[in-house]
Amino acid sequence: MRRTELLQEIRKMRFEEAYGGWDSGRLTQSEAASLLGVCERTFRRYLSRYEARGLEGLIDRRLEQVSHKKAPVDEVFNLTQQYRARHLGWSAKHFYAWYHKGGGVRSYSWVKNRLQEAKLVPKAKGRGAHRKRRDRAPLPGLMIHQDGSNHEWVAGQRWDLIVTMDDATNEHYSMFFVEQEGTQSSLLGVKEVIESRGLFSNFYSDRGSHYWHTAEAGGKVDKKNLTQFGQAMQRLGIEMIAAYSPQARGRSERMFRTHQDRLPRELALAGITDMAAANRYLRQSYRAAFNAEFMQPAMEEGSAFIAWIGGPLEDILCERFERQVGADNCVSFEGKKLQIPAERHRCHYVKAKVSVLRRIDGALAIFHGPRKLADYEPDGRLCSPELKAVA
């Protein structure tokens with residue numbers, strides 16, 4: 001299933017949940033729109049289309065065709081050249097007055113956006129937002145938090161504790177220790193949530209470098225230049241939300257203070273000194289007890305989780321790297337030579353563009369378009385298809 005088709009199906013499944021909640025009076029239009037990741041106006045449009053044509057009315061036909069309103073490349077080039085040649089340093093509004101006087105037919109917003117995309121006109125700073133305490137999400141699965149805490153969890157050893165929890169209920173869906181927080185640990189937390197509960201709507205985190213790229217420390221996140229983690233969330237249709245202050249992550253901070261107070265004592269009482277045993281303790285005892293004590297009921301009945309229908313998660317929740325096949329029909333990847341085995345579809349892949357996938361467990365795979373060519377061990381050894389099937 002192509003990504004666009006998958007996202008269309010996810011939209012339809014989420015709309016059924018949102019529509020049911022709104023129709024029964026459990027959700028307001030604002031809450032139903034938040035569940036879908038759209039504004040109230042768009043939700044009302046969806047209602048009209050759904051009532052007129054059913055779920056098929058929700059399909060976005062724009063994904064299937066090129067807009068006839070899209071400006072030609074030459075028009076955009078001529079506009080930016082005119083600005084560079086005679087109006088460099090002018091504000092967008094000042095330049096637009098001359099553009100319009102000269103017979104230009106595009107809107108002010110279009111002209112301003114093209115100049116800003118070309119880095120000719122700076123973007124204005126946003127106004128300071130009024131701050132207030134953020135309400136919890138009304139439904140489980142609407143927003144998931146993930147964060148890590150570095151602490152001396154057992155005597156003489158500092159590990160990172162990765163927690164993935166629900167904003168609506170505080171329920172911890174995933175908890176485990178790692179040596180250092182990063183892309184793989186974050187992907188693993190998301191994988192455990194989807195496998196146990198289903199696909200969620202929004203992902204909330206700090207601005208750690210494995211979540212976001214930022215042009216400067218403490219600055220705004222770059223929502224176009226995605227990290228490997230961000231690309232995986234995009235493939236799933238999950239919207240990422242960045243926290244811009246410690247106060248915005250207050251629930252996570254308070255939760256970690258509780259863990260730092262309780263968990264080292266419990267691990268010491270159980271005589272646990274290594275990470276493997278500590279992770280077993282989290283899975284078998286601690287997480288369930290913590291949830292039983294600290295979970296809160298959601299504000300609304302129901303759930304925003306939807307069943308995952310998109311195939312093997314390990315091929316989506318992974319890192320992807322583009323490579324070109326060498327003359328020896330091998331792919332070079334981080335000092336390893338990955339030999340592409342012979343197959344009946346094609347004699348060789350020399351000079352072909354392929355994707356190398358590094359999964360959460362470190363195993364590798366090579367894809368040519370949608371077709372998987374081979375699986376590899378983390379050290380680059382080719383996996384036997386028979387052994388893979390048995391595993």
# chains A, B, ... in the order shown; residues from 1 in each chain; ligands from 1
call {"tool": "select_by_dssp", "arguments": {"residues": "range 2-246 of chain A", "states": "helix (DSSP H, G or I)", "output": "VMD selection string"}}
result
chain A and resid 3 to 23 29 to 36 40 to 58 61 to 64 73 to 86 92 to 101 108 to 117 183 to 196 228 to 236 246
call {"tool": "closest_atom_pairs", "arguments": {"of": "range 158-190 of chain A", "to": "range 295-315 of chain A", "cutoff": "7 Å", "atoms": "only C-alpha atoms", "output": "tab-separated table"}}
result
residue	atom	partner	partner_atom	distance
A:Ala168	CA	A:Ala298	CA	5.4
A:Thr169	CA	A:Gln296	CA	4.7
A:Asn170	CA	A:Met295	CA	5.3
A:Glu171	CA	A:Met295	CA	5.3
call {"tool": "write_last_selection", "arguments": {"atoms": "N, CA and C atoms", "output": "mmCIF file, in the first residue's frame"}}
result
data_model
loop_
_atom_site.group_PDB
_atom_site.id
_atom_site.type_symbol
_atom_site.label_atom_id
_atom_site.label_comp_id
_atom_site.auth_asym_id
_atom_site.auth_seq_id
_atom_site.Cartn_x
_atom_site.Cartn_y
_atom_site.Cartn_z
ATOM 1 N N ALA A 168 -3.819 11.858 27.970
ATOM 2 C CA ALA A 168 -5.170 11.891 28.533
ATOM 3 C C ALA A 168 -5.260 11.198 29.880
ATOM 4 N N THR A 169 -4.475 10.155 30.097
ATOM 5 C CA THR A 169 -4.650 9.314 31.281
ATOM 6 C C THR A 169 -3.394 9.149 32.135
ATOM 7 N N ASN A 170 -2.251 9.576 31.646
ATOM 8 C CA ASN A 170 -0.950 9.327 32.306
ATOM 9 C C ASN A 170 -0.518 7.870 32.226
ATOM 10 N N GLU A 171 -1.243 7.036 31.517
ATOM 11 C CA GLU A 171 -0.869 5.627 31.452
ATOM 12 C C GLU A 171 0.465 5.470 30.730
#
call {"tool": "closest_residue", "arguments": {"among": "A:Asp135, A:Glu56, A:Glu152, A:Asp206", "to": "Thr273 in chain A", "atoms": "only C-alpha atoms"}}
result
A:Glu152
call {"tool": "residues_around", "arguments": {"residues": "Phe203 in chain A", "least_positions_apart": "6", "cutoff": "8 Å", "atoms": "only C-alpha atoms", "output": "PyMOL selection string"}}
result
chain A and resi 143-146+238-241
call {"tool": "write_last_selection", "arguments": {"atoms": "N, CA and C atoms", "output": "PDB file, in the first residue's frame"}}
result
ATOM      1  N   MET A 143      -2.906  12.103  22.036  1.00  0.00           N
ATOM      2  CA  MET A 143      -1.555  12.659  22.156  1.00  0.00           C
ATOM      3  C   MET A 143      -0.706  11.759  23.046  1.00  0.00           C
ATOM      4  N   ILE A 144       0.466  11.398  22.548  1.00  0.00           N
ATOM      5  CA  ILE A 144       1.410  10.565  23.277  1.00  0.00           C
ATOM      6  C   ILE A 144       2.648  11.392  23.616  1.00  0.00           C
ATOM      7  N   HIS A 145       3.094  11.315  24.869  1.00  0.00           N
ATOM      8  CA  HIS A 145       4.336  11.964  25.303  1.00  0.00           C
ATOM      9  C   HIS A 145       5.462  10.942  25.309  1.00  0.00           C
ATOM     10  N   GLN A 146       6.657  11.403  24.985  1.00  0.00           N
ATOM     11  CA  GLN A 146       7.846  10.570  25.183  1.00  0.00           C
ATOM     12  C   GLN A 146       8.970  11.439  25.715  1.00  0.00           C
ATOM     13  N   ILE A 238       1.615  10.507  11.661  1.00  0.00           N
ATOM     14  CA  ILE A 238       1.533  11.028  13.022  1.00  0.00           C
ATOM     15  C   ILE A 238       2.131  12.432  13.056  1.00  0.00           C
ATOM     16  N   GLU A 239       1.399  13.383  13.608  1.00  0.00           N
ATOM     17  CA  GLU A 239       1.887  14.757  13.703  1.00  0.00           C
ATOM     18  C   GLU A 239       2.774  14.914  14.926  1.00  0.00           C
ATOM     19  N   MET A 240       3.943  15.520  14.751  1.00  0.00           N
ATOM     20  CA  MET A 240       4.858  15.764  15.859  1.00  0.00           C
ATOM     21  C   MET A 240       4.686  17.184  16.382  1.00  0.00           C
ATOM     22  N   ILE A 241       4.724  17.320  17.705  1.00  0.00           N
ATOM     23  CA  ILE A 241       4.572  18.607  18.376  1.00  0.00           C
ATOM     24  C   ILE A 241       5.770  18.800  19.286  1.00  0.00           C
TER      25      ILE A 241
END
call {"tool": "atom_distance", "arguments": {"atom1": "CA of Arg320 in chain A", "atom2": "CA of Gln228 in chain A"}}
result
7.1 Å
call {"tool": "select_by_dssp", "arguments": {"residues": "range 142-317 of chain A", "states": "strand (DSSP E)", "output": "number ranges by chain"}}
result
A: 143-154, 157-166, 172-178, 202-205, 239-242
call {"tool": "closest_residue", "arguments": {"among": "A:Phe229, A:Phe95, A:Tyr204, A:Phe176", "to": "Ala243 in chain A", "atoms": "only C-alpha atoms"}}
result
A:Tyr204
call {"tool": "closest_residue", "arguments": {"among": "A:Ile366, A:Leu55, A:Ala268, A:Leu187", "to": "Phe333 in chain A", "atoms": "only C-alpha atoms"}}
result
A:Ile366
